[in-house]
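Some notes on the structure that comes next.
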Amino acid sequence: MDTGFPEKILQQHALKVTGRIFRNGNLAHAWLITGQEGTGKEQLARIMAGLLLCQAPHLDGELPRTCGTCSHCGKLSRNTHPDIHITEPDGAFIKVAQIHALQKNISYPPLEAENRAVLILHAHRMNREASNALLKTLEEPPDNTFLILTAKGTSSLLPTIISRCQVVSCSGLLHEDITDILVRQDGLEPATADVAARLSDGSLARAREMIESGLEFRDIFFKFIVLPPARRFSLFFDLSSMMSKDADRFMTAITVIQSVTRDMLLVKTSGNISLFINQDLLPAIKAAAARFSEDELSEYASRLEDMERLAARNVNREMLANSLLVFWAE
Ligand SMILES: [Zn+2]
């Protein structure tokens with residue numbers, strides 16, 4: 001790895017955030033870098049690895065960089081450093097055997113540097129078994145070991161993975177920037193803009209889709225889950241018919257339900273308020289979360305992912321919608 005970072009390609013913002021994290025010195029043991037293709041998240045992961053391994057990283061400037069001259073930097077630039085481990089999909093998925101092999105490899109102390117960097121690239125392609133196997137390591141990594149995951153977005157990962165990581169976003173747009181555009185150009189209320197932006201995975205177009213049909217669904221969905229059981233029935237069919245109207249609406253609804261499920265899992269697993277998507281409805285989320293166990297919610301989150309795949313094919317959407325909504329109706 002050379003000393004000059006390609007700042008033009010990288011998201012400067014993400015790099016600045018990284019600099020701040022390193023300067024504060026209180027490093028999380030697991031990070032998740034998110035962003036669409038071409039946003040420089042793998043580069044950022046490698047820079048983080050360099051900062052962890054380098055003997056004398058420069059952290060004072062706005063953008064952090066490695067010294068470029070120590071033995072670790074030399075080995076990093078030649079891709080021969082023994083304390084950096086990289087796991088990538090083998091075919092379509094990262095498989096559980098790869099995670100087990102990694103766990104074996106990192107069970108010894110780092111060989112040369114003070115720290116060890118474990119990169120898991122395209123982490124959204126871990127299959128469920130692999131994700132579950134990794135949880136143990138995310139929770140209690142070996143001493144001086146830091147895990148750096150990269151993924152397309154947080155919507156494609158198990159919430160149990162996300163809640164154990166510090167998230168750094170390389171998304172096309174920051175959620176604050178999207179909020180700003182929606183308020184100024186589209187004339188939305190800040191609170192509404194904020195939620196749409198959080199549901200957008202960094203895409204303005206997606207945020208606008210959310211406003212068009214997602215937020216209306218979300219309003220009714222929240223009414224549905226906080227009503228007493230006997231009164232949920234009438235809204236059940238309203239929601240089901242909204243979801244079944246067409247494929248786009250179905251996917252938008254799934255995104256909304258995913259965000260609610262994930263927020264509820266966050267209530268149970270972490271108190272980090274900034275990670276919540278439905279910031280404006282936290283009391284309702286907390287109340288509804290009390291009805292479910294962490295296992296029930298995790299299992300439901302996996303089902304939502306399966307639905308995403310099923311809905312892309314030509315299946316009976318109404319049937320799928322009903323089978324998803326029944327979880328909340330009972
Ligand atoms: Zn160095």
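Starting from 1 in every chain, residues are counted up; chains themselves are A, B, ... following the order of the structure tokens, and ligands are numbered from 1 as listed.
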Please identify which residues in region 150-228 of chain A DSSP calls alpha helix (DSSP H) from the backbone, and express them as a PyMOL selection string. chain A and resi 159-162+175-184+190-198+204-209+215-226
Please produce a file of the residues just selected, as a tab-separated table (two decimals), in the first residue's frame, where the atoms kept are N, CA and C atoms.
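For reference, part-v4.tsv as written:
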```tsv
chain	number	residue	atom	x	y	z
A	159	PRO	N	-29.34	-8.30	11.07
A	159	PRO	CA	-29.21	-7.21	12.05
A	159	PRO	C	-28.24	-7.57	13.17
A	160	THR	N	-28.14	-8.85	13.49
A	160	THR	CA	-27.22	-9.26	14.55
A	160	THR	C	-25.77	-8.97	14.14
A	161	ILE	N	-25.48	-8.99	12.86
A	161	ILE	CA	-24.14	-8.63	12.38
A	161	ILE	C	-23.96	-7.12	12.51
A	162	ILE	N	-24.95	-6.37	12.00
A	162	ILE	CA	-24.83	-4.91	11.98
A	162	ILE	C	-24.67	-4.36	13.39
A	175	HIS	N	-26.83	10.25	4.28
A	175	HIS	CA	-28.26	10.38	4.54
A	175	HIS	C	-28.61	11.83	4.91
A	176	GLU	N	-27.66	12.53	5.53
A	176	GLU	CA	-27.90	13.95	5.85
A	176	GLU	C	-28.08	14.78	4.57
A	177	ASP	N	-27.28	14.45	3.54
A	177	ASP	CA	-27.36	15.20	2.28
A	177	ASP	C	-28.69	14.93	1.58
A	178	ILE	N	-29.11	13.67	1.60
A	178	ILE	CA	-30.40	13.33	0.98
A	178	ILE	C	-31.53	14.06	1.71
A	179	THR	N	-31.46	14.05	3.03
A	179	THR	CA	-32.48	14.76	3.81
A	179	THR	C	-32.55	16.22	3.39
A	180	ASP	N	-31.37	16.81	3.26
A	180	ASP	CA	-31.29	18.21	2.90
A	180	ASP	C	-31.95	18.50	1.54
A	181	ILE	N	-31.65	17.64	0.56
A	181	ILE	CA	-32.23	17.82	-0.78
A	181	ILE	C	-33.75	17.68	-0.72
A	182	LEU	N	-34.21	16.67	0.03
A	182	LEU	CA	-35.65	16.43	0.10
A	182	LEU	C	-36.39	17.58	0.78
A	183	VAL	N	-35.73	18.20	1.73
A	183	VAL	CA	-36.36	19.33	2.41
A	183	VAL	C	-36.38	20.55	1.50
A	184	ARG	N	-35.22	20.82	0.87
A	184	ARG	CA	-35.12	22.07	0.11
A	184	ARG	C	-35.75	22.00	-1.28
A	190	PRO	N	-38.73	18.00	7.63
A	190	PRO	CA	-37.45	17.37	7.95
A	190	PRO	C	-37.57	15.95	8.50
A	191	ALA	N	-38.56	15.71	9.38
A	191	ALA	CA	-38.66	14.38	9.98
A	191	ALA	C	-38.99	13.33	8.93
A	192	THR	N	-39.89	13.68	7.99
A	192	THR	CA	-40.26	12.75	6.92
A	192	THR	C	-39.07	12.52	6.00
A	193	ALA	N	-38.37	13.60	5.66
A	193	ALA	CA	-37.21	13.50	4.79
A	193	ALA	C	-36.15	12.60	5.42
A	194	ASP	N	-35.98	12.74	6.71
A	194	ASP	CA	-34.96	11.97	7.43
A	194	ASP	C	-35.25	10.46	7.32
A	195	VAL	N	-36.51	10.08	7.52
A	195	VAL	CA	-36.85	8.66	7.46
A	195	VAL	C	-36.65	8.12	6.05
A	196	ALA	N	-37.14	8.87	5.05
A	196	ALA	CA	-36.99	8.42	3.66
A	196	ALA	C	-35.51	8.27	3.32
A	197	ALA	N	-34.68	9.20	3.80
A	197	ALA	CA	-33.25	9.14	3.52
A	197	ALA	C	-32.62	7.92	4.18
A	198	ARG	N	-33.05	7.61	5.39
A	198	ARG	CA	-32.49	6.45	6.08
A	198	ARG	C	-32.90	5.14	5.42
A	204	LEU	N	-30.84	8.81	-3.91
A	204	LEU	CA	-31.90	9.83	-3.90
A	204	LEU	C	-33.16	9.29	-4.57
A	205	ALA	N	-32.98	8.55	-5.67
A	205	ALA	CA	-34.13	7.99	-6.38
A	205	ALA	C	-34.93	7.06	-5.47
A	206	ARG	N	-34.19	6.26	-4.70
A	206	ARG	CA	-34.85	5.33	-3.81
A	206	ARG	C	-35.59	6.08	-2.70
A	207	ALA	N	-34.97	7.15	-2.24
A	207	ALA	CA	-35.62	7.97	-1.19
A	207	ALA	C	-36.94	8.51	-1.72
A	208	ARG	N	-36.94	8.95	-2.98
A	208	ARG	CA	-38.18	9.50	-3.55
A	208	ARG	C	-39.25	8.42	-3.75
A	209	GLU	N	-38.81	7.21	-4.08
A	209	GLU	CA	-39.75	6.09	-4.17
A	209	GLU	C	-40.42	5.84	-2.83
A	215	LEU	N	-43.76	5.53	2.55
A	215	LEU	CA	-44.08	6.15	3.83
A	215	LEU	C	-45.56	6.00	4.19
A	216	GLU	N	-46.41	5.99	3.17
A	216	GLU	CA	-47.83	5.77	3.42
A	216	GLU	C	-48.02	4.36	3.99
A	217	PHE	N	-47.33	3.40	3.37
A	217	PHE	CA	-47.40	2.03	3.87
A	217	PHE	C	-46.89	1.98	5.31
A	218	ARG	N	-45.80	2.69	5.56
A	218	ARG	CA	-45.19	2.69	6.89
A	218	ARG	C	-46.17	3.22	7.95
A	219	ASP	N	-46.86	4.31	7.61
A	219	ASP	CA	-47.84	4.86	8.56
A	219	ASP	C	-48.88	3.84	8.97
A	220	ILE	N	-49.45	3.18	7.96
A	220	ILE	CA	-50.50	2.21	8.25
A	220	ILE	C	-49.92	1.00	8.97
A	221	PHE	N	-48.71	0.61	8.56
A	221	PHE	CA	-48.06	-0.54	9.18
A	221	PHE	C	-47.85	-0.28	10.69
A	222	PHE	N	-47.42	0.93	11.03
A	222	PHE	CA	-47.22	1.24	12.45
A	222	PHE	C	-48.53	1.26	13.22
A	223	LYS	N	-49.58	1.78	12.59
A	223	LYS	CA	-50.89	1.74	13.26
A	223	LYS	C	-51.25	0.28	13.54
A	224	PHE	N	-51.02	-0.52	12.54
A	224	PHE	CA	-51.34	-1.95	12.59
A	224	PHE	C	-50.64	-2.63	13.77
A	225	ILE	N	-49.34	-2.37	13.93
A	225	ILE	CA	-48.63	-3.13	14.96
A	225	ILE	C	-48.85	-2.60	16.38
A	226	VAL	N	-49.35	-1.38	16.51
A	226	VAL	CA	-49.60	-0.92	17.88
A	226	VAL	C	-51.06	-1.07	18.33
```
Compute the set of protein, DNA and RNA residues whose minimum atom distance to ligand 1 is at most 8 Å, using only C-alpha atoms and all ligand atoms, and state it as a PyMOL selection string. chain A and resi 50-51+53-57+66-74
Kindly export the residues of the current selection with C-alpha atoms, as a CSV table (one decimal), in the first residue's frame.
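Output below, filename out-v3.csv:
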```
chain,number,residue,atom,x,y,z
A,50,GLY,CA,-2.9,-0.3,6.9
A,51,LEU,CA,-3.6,2.1,9.8
A,53,LEU,CA,-0.7,-2.5,11.1
A,54,CYS,CA,1.6,0.5,10.3
A,55,GLN,CA,4.1,1.4,13.1
A,56,ALA,CA,3.7,5.2,12.8
A,57,PRO,CA,0.4,6.2,11.0
A,66,THR,CA,0.1,5.2,6.8
A,67,CYS,CA,3.8,6.2,7.1
A,68,GLY,CA,4.8,4.3,4.0
A,69,THR,CA,8.3,3.5,5.2
A,70,CYS,CA,8.0,1.0,8.1
A,71,SER,CA,8.5,-2.7,7.4
A,72,HIS,CA,4.7,-3.3,7.8
A,73,CYS,CA,3.9,-0.7,5.1
A,74,GLY,CA,6.5,-2.3,2.8
```
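Secondary structure of region 111-322 of chain A, strand (DSSP E) only (DSSP, backbone atoms): A:Arg116, A:Ala117, A:Val118, A:Leu119, A:Ile120, A:Thr145, A:Phe146, A:Leu147, A:Ile148, A:Leu149, A:Thr150, A:Ala151, A:Gln166, A:Val167, A:Val168, A:Ser169.
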Contacts of Gln103 (chain A) within 10 Å, only C-alpha atoms, excl. fewer than 5 positions in-chain, as a PyMOL selection string: chain A and resi 97-98+108+133-134+136-137+141-142
Grab the residues selected above and save them as an mmCIF file, in the first residue's frame with C-alpha atoms.
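Result file follows (out_11.cif):
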```cif
data_model
loop_
_atom_site.group_PDB
_atom_site.id
_atom_site.type_symbol
_atom_site.label_atom_id
_atom_site.label_comp_id
_atom_site.auth_asym_id
_atom_site.auth_seq_id
_atom_site.Cartn_x
_atom_site.Cartn_y
_atom_site.Cartn_z
ATOM 1 C CA ALA A 97 -16.182 -23.516 5.816
ATOM 2 C CA GLN A 98 -14.375 -20.277 4.890
ATOM 3 C CA TYR A 108 -2.926 -17.350 17.317
ATOM 4 C CA ALA A 133 -20.680 -18.716 12.490
ATOM 5 C CA LEU A 134 -19.114 -15.258 12.281
ATOM 6 C CA LYS A 136 -19.086 -15.494 17.766
ATOM 7 C CA THR A 137 -15.932 -13.878 16.370
ATOM 8 C CA PRO A 141 -12.534 -11.357 18.525
ATOM 9 C CA PRO A 142 -9.110 -12.693 19.547
#
```
All residues 7 Å or closer to region 16-18 of chain A, only C-alpha atoms, same chain fewer than 3 positions away omitted, as a list in words: Gln12, His13, Ile21, Phe22, Glu62 and Leu63 of chain A
Please produce a file of those selected residues containing C-alpha atoms, as a short mmCIF file (atom, residue, chain, number, x, y, z; two decimals), in the first residue's frame.
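Produced file part-v9.cif, reproduced below:
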```cif
data_model
loop_
_atom_site.label_atom_id
_atom_site.label_comp_id
_atom_site.auth_asym_id
_atom_site.auth_seq_id
_atom_site.Cartn_x
_atom_site.Cartn_y
_atom_site.Cartn_z
CA GLN A 12 -13.50 11.78 1.43
CA HIS A 13 -16.17 11.83 4.04
CA ILE A 21 -12.16 7.12 14.78
CA PHE A 22 -8.43 6.39 14.84
CA GLU A 62 -7.84 15.63 8.22
CA LEU A 63 -7.23 12.53 6.10
#
```
List every residue of region 40-159 of chain A that has an atom at most 12 Å from any atom of region 298-318 of chain A, and for each one report the closest atom pair and its distance in Å to one decimal, counting only C-alpha atoms, with rows sorted by chain and then by increasing residue number, as CSV.
```
residue,atom,partner,partner_atom,distance
A:His124,CA,A:Glu305,CA,11.4
A:Asn127,CA,A:Ser302,CA,10.6
A:Arg128,CA,A:Ser302,CA,8.2
A:Glu129,CA,A:Ser302,CA,11.5
A:Ser131,CA,A:Ser302,CA,11.3
A:Asn132,CA,A:Ser298,CA,10.9
A:Ser155,CA,A:Glu305,CA,9.2
A:Ser156,CA,A:Glu305,CA,7.7
A:Leu157,CA,A:Glu305,CA,9.2
A:Leu158,CA,A:Ala301,CA,7.3
A:Pro159,CA,A:Ser298,CA,7.6
```
Could you write out that same residue set with C-alpha atoms as an mmCIF file, in the first residue's frame?
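Generated file (selection.cif):
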```cif
data_model
loop_
_atom_site.group_PDB
_atom_site.id
_atom_site.type_symbol
_atom_site.label_atom_id
_atom_site.label_comp_id
_atom_site.auth_asym_id
_atom_site.auth_seq_id
_atom_site.Cartn_x
_atom_site.Cartn_y
_atom_site.Cartn_z
ATOM 1 C CA HIS A 124 -23.637 -9.427 2.231
ATOM 2 C CA ASN A 127 -24.941 -17.309 3.574
ATOM 3 C CA ARG A 128 -26.944 -17.670 6.761
ATOM 4 C CA GLU A 129 -24.734 -20.425 8.172
ATOM 5 C CA SER A 131 -23.211 -15.261 9.131
ATOM 6 C CA ASN A 132 -24.152 -17.196 12.213
ATOM 7 C CA SER A 155 -30.400 -3.940 4.329
ATOM 8 C CA SER A 156 -28.775 -7.133 3.069
ATOM 9 C CA LEU A 157 -27.110 -8.181 6.320
ATOM 10 C CA LEU A 158 -28.471 -9.870 9.410
ATOM 11 C CA PRO A 159 -29.208 -7.206 12.045
#
```
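Residues lying within 8 Å of region 83-85 of chain A, counting only C-alpha atoms and ignoring same-chain neighbours fewer than 4 positions away, are Ala49, Leu53, Leu102, Pro110, Leu111, Glu112, Ala113, Asn115, Arg116, Ala117, Val118 and Leu119 of chain A.
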Using N, CA and C atoms, can you export the residues from the last selection as a PDB file, in the first residue's frame?
```
ATOM      1  N   ALA A  49      -6.899  -1.297   7.368  1.00  0.00           N
ATOM      2  CA  ALA A  49      -5.962  -2.371   7.710  1.00  0.00           C
ATOM      3  C   ALA A  49      -4.556  -1.794   7.835  1.00  0.00           C
ATOM      4  N   LEU A  53      -1.931  -1.735  11.108  1.00  0.00           N
ATOM      5  CA  LEU A  53      -0.675  -2.479  11.092  1.00  0.00           C
ATOM      6  C   LEU A  53       0.554  -1.564  11.092  1.00  0.00           C
ATOM      7  N   LEU A 102     -11.027 -19.290   8.616  1.00  0.00           N
ATOM      8  CA  LEU A 102     -10.549 -17.996   9.097  1.00  0.00           C
ATOM      9  C   LEU A 102     -10.383 -18.029  10.616  1.00  0.00           C
ATOM     10  N   PRO A 110      -1.040 -12.168  16.499  1.00  0.00           N
ATOM     11  CA  PRO A 110      -0.477 -11.671  15.235  1.00  0.00           C
ATOM     12  C   PRO A 110       0.999 -12.040  15.143  1.00  0.00           C
ATOM     13  N   LEU A 111       1.499 -12.256  13.934  1.00  0.00           N
ATOM     14  CA  LEU A 111       2.877 -12.749  13.751  1.00  0.00           C
ATOM     15  C   LEU A 111       3.909 -11.631  13.800  1.00  0.00           C
ATOM     16  N   GLU A 112       3.623 -10.510  13.134  1.00  0.00           N
ATOM     17  CA  GLU A 112       4.658  -9.478  13.033  1.00  0.00           C
ATOM     18  C   GLU A 112       4.207  -8.121  13.575  1.00  0.00           C
ATOM     19  N   ALA A 113       3.001  -7.750  13.271  1.00  0.00           N
ATOM     20  CA  ALA A 113       2.540  -6.425  13.701  1.00  0.00           C
ATOM     21  C   ALA A 113       1.901  -6.525  15.085  1.00  0.00           C
ATOM     22  N   ASN A 115      -1.124  -5.505  15.652  1.00  0.00           N
ATOM     23  CA  ASN A 115      -2.527  -5.853  15.413  1.00  0.00           C
ATOM     24  C   ASN A 115      -2.673  -6.778  14.219  1.00  0.00           C
ATOM     25  N   ARG A 116      -3.855  -7.339  14.108  1.00  0.00           N
ATOM     26  CA  ARG A 116      -4.187  -8.141  12.938  1.00  0.00           C
ATOM     27  C   ARG A 116      -5.468  -7.575  12.320  1.00  0.00           C
ATOM     28  N   ALA A 117      -5.501  -7.517  10.992  1.00  0.00           N
ATOM     29  CA  ALA A 117      -6.689  -7.016  10.297  1.00  0.00           C
ATOM     30  C   ALA A 117      -7.332  -8.154   9.509  1.00  0.00           C
ATOM     31  N   VAL A 118      -8.610  -8.351   9.755  1.00  0.00           N
ATOM     32  CA  VAL A 118      -9.361  -9.396   9.054  1.00  0.00           C
ATOM     33  C   VAL A 118     -10.381  -8.718   8.156  1.00  0.00           C
ATOM     34  N   LEU A 119     -10.201  -8.846   6.851  1.00  0.00           N
ATOM     35  CA  LEU A 119     -11.132  -8.222   5.907  1.00  0.00           C
ATOM     36  C   LEU A 119     -12.122  -9.273   5.400  1.00  0.00           C
TER      37      LEU A 119
END
```
With only C-alpha atoms as the counted atoms, please give the residues lying no more than 12 Å from Asp248 (chain A), apart from itself and same-chain residues fewer than 2 positions off, as a list in words. Arg206, Glu209, Met210, Glu212, Ser213, Gly214, Met242, Met243, Ser244, Lys245, Asp246, Phe250, Met251, Thr252, Ala253, Ile254, Thr255, Glu308, Ala311, Ala312 and Arg317 of chain A
Env of Glu294 (chain A): 9 Å cut, atoms = only C-alpha atoms, seq-sep filter 3 positions within chain, self excluded. Answer as an mmCIF file with N, CA and C atoms, in the first residue's frame.
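Below you can see part_17.cif, which holds the result:
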```cif
data_model
loop_
_atom_site.group_PDB
_atom_site.id
_atom_site.type_symbol
_atom_site.label_atom_id
_atom_site.label_comp_id
_atom_site.auth_asym_id
_atom_site.auth_seq_id
_atom_site.Cartn_x
_atom_site.Cartn_y
_atom_site.Cartn_z
ATOM 1 N N MET A 264 -36.274 -3.195 15.753
ATOM 2 C CA MET A 264 -36.690 -3.932 16.946
ATOM 3 C C MET A 264 -35.554 -4.805 17.455
ATOM 4 N N LEU A 265 -34.806 -5.395 16.524
ATOM 5 C CA LEU A 265 -33.651 -6.191 16.940
ATOM 6 C C LEU A 265 -32.599 -5.300 17.596
ATOM 7 N N LYS A 268 -33.217 -4.755 21.127
ATOM 8 C CA LYS A 268 -32.844 -5.888 21.969
ATOM 9 C C LYS A 268 -31.337 -6.078 22.085
ATOM 10 N N THR A 269 -30.586 -5.641 21.072
ATOM 11 C CA THR A 269 -29.169 -5.998 21.053
ATOM 12 C C THR A 269 -28.227 -4.825 21.272
ATOM 13 N N ALA A 289 -41.599 -4.195 20.137
ATOM 14 C CA ALA A 289 -40.484 -5.141 20.254
ATOM 15 C C ALA A 289 -40.648 -6.048 21.467
ATOM 16 N N LEU A 297 -37.533 -12.517 16.065
ATOM 17 C CA LEU A 297 -37.282 -11.409 15.134
ATOM 18 C C LEU A 297 -36.180 -11.769 14.122
ATOM 19 N N SER A 298 -35.128 -12.450 14.594
ATOM 20 C CA SER A 298 -34.041 -12.846 13.670
ATOM 21 C C SER A 298 -34.565 -13.779 12.596
ATOM 22 N N GLU A 299 -35.382 -14.708 13.049
ATOM 23 C CA GLU A 299 -35.915 -15.684 12.096
ATOM 24 C C GLU A 299 -36.805 -14.987 11.071
#
```
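Nearest-residue note for Arg65 (chain A): choosing from A:Pro89, A:Trp328, A:Gly40, A:Arg46, the minimum distance belongs to A:Arg46, counting only C-alpha atoms.
Going from CA of Ala130 (chain A) to CA of Ser203 (chain A) covers 28.5 Å.
With CA of Leu239 (chain A) on one side and CA of Gly187 (chain A) on the other, the separation reads 27.0 Å.
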Looking at A:Ile47, A:Ala329, A:Met126, A:Ala30, which one is nearest to Ser240 (chain A), with distances taken over only C-alpha atoms? A:Ala329
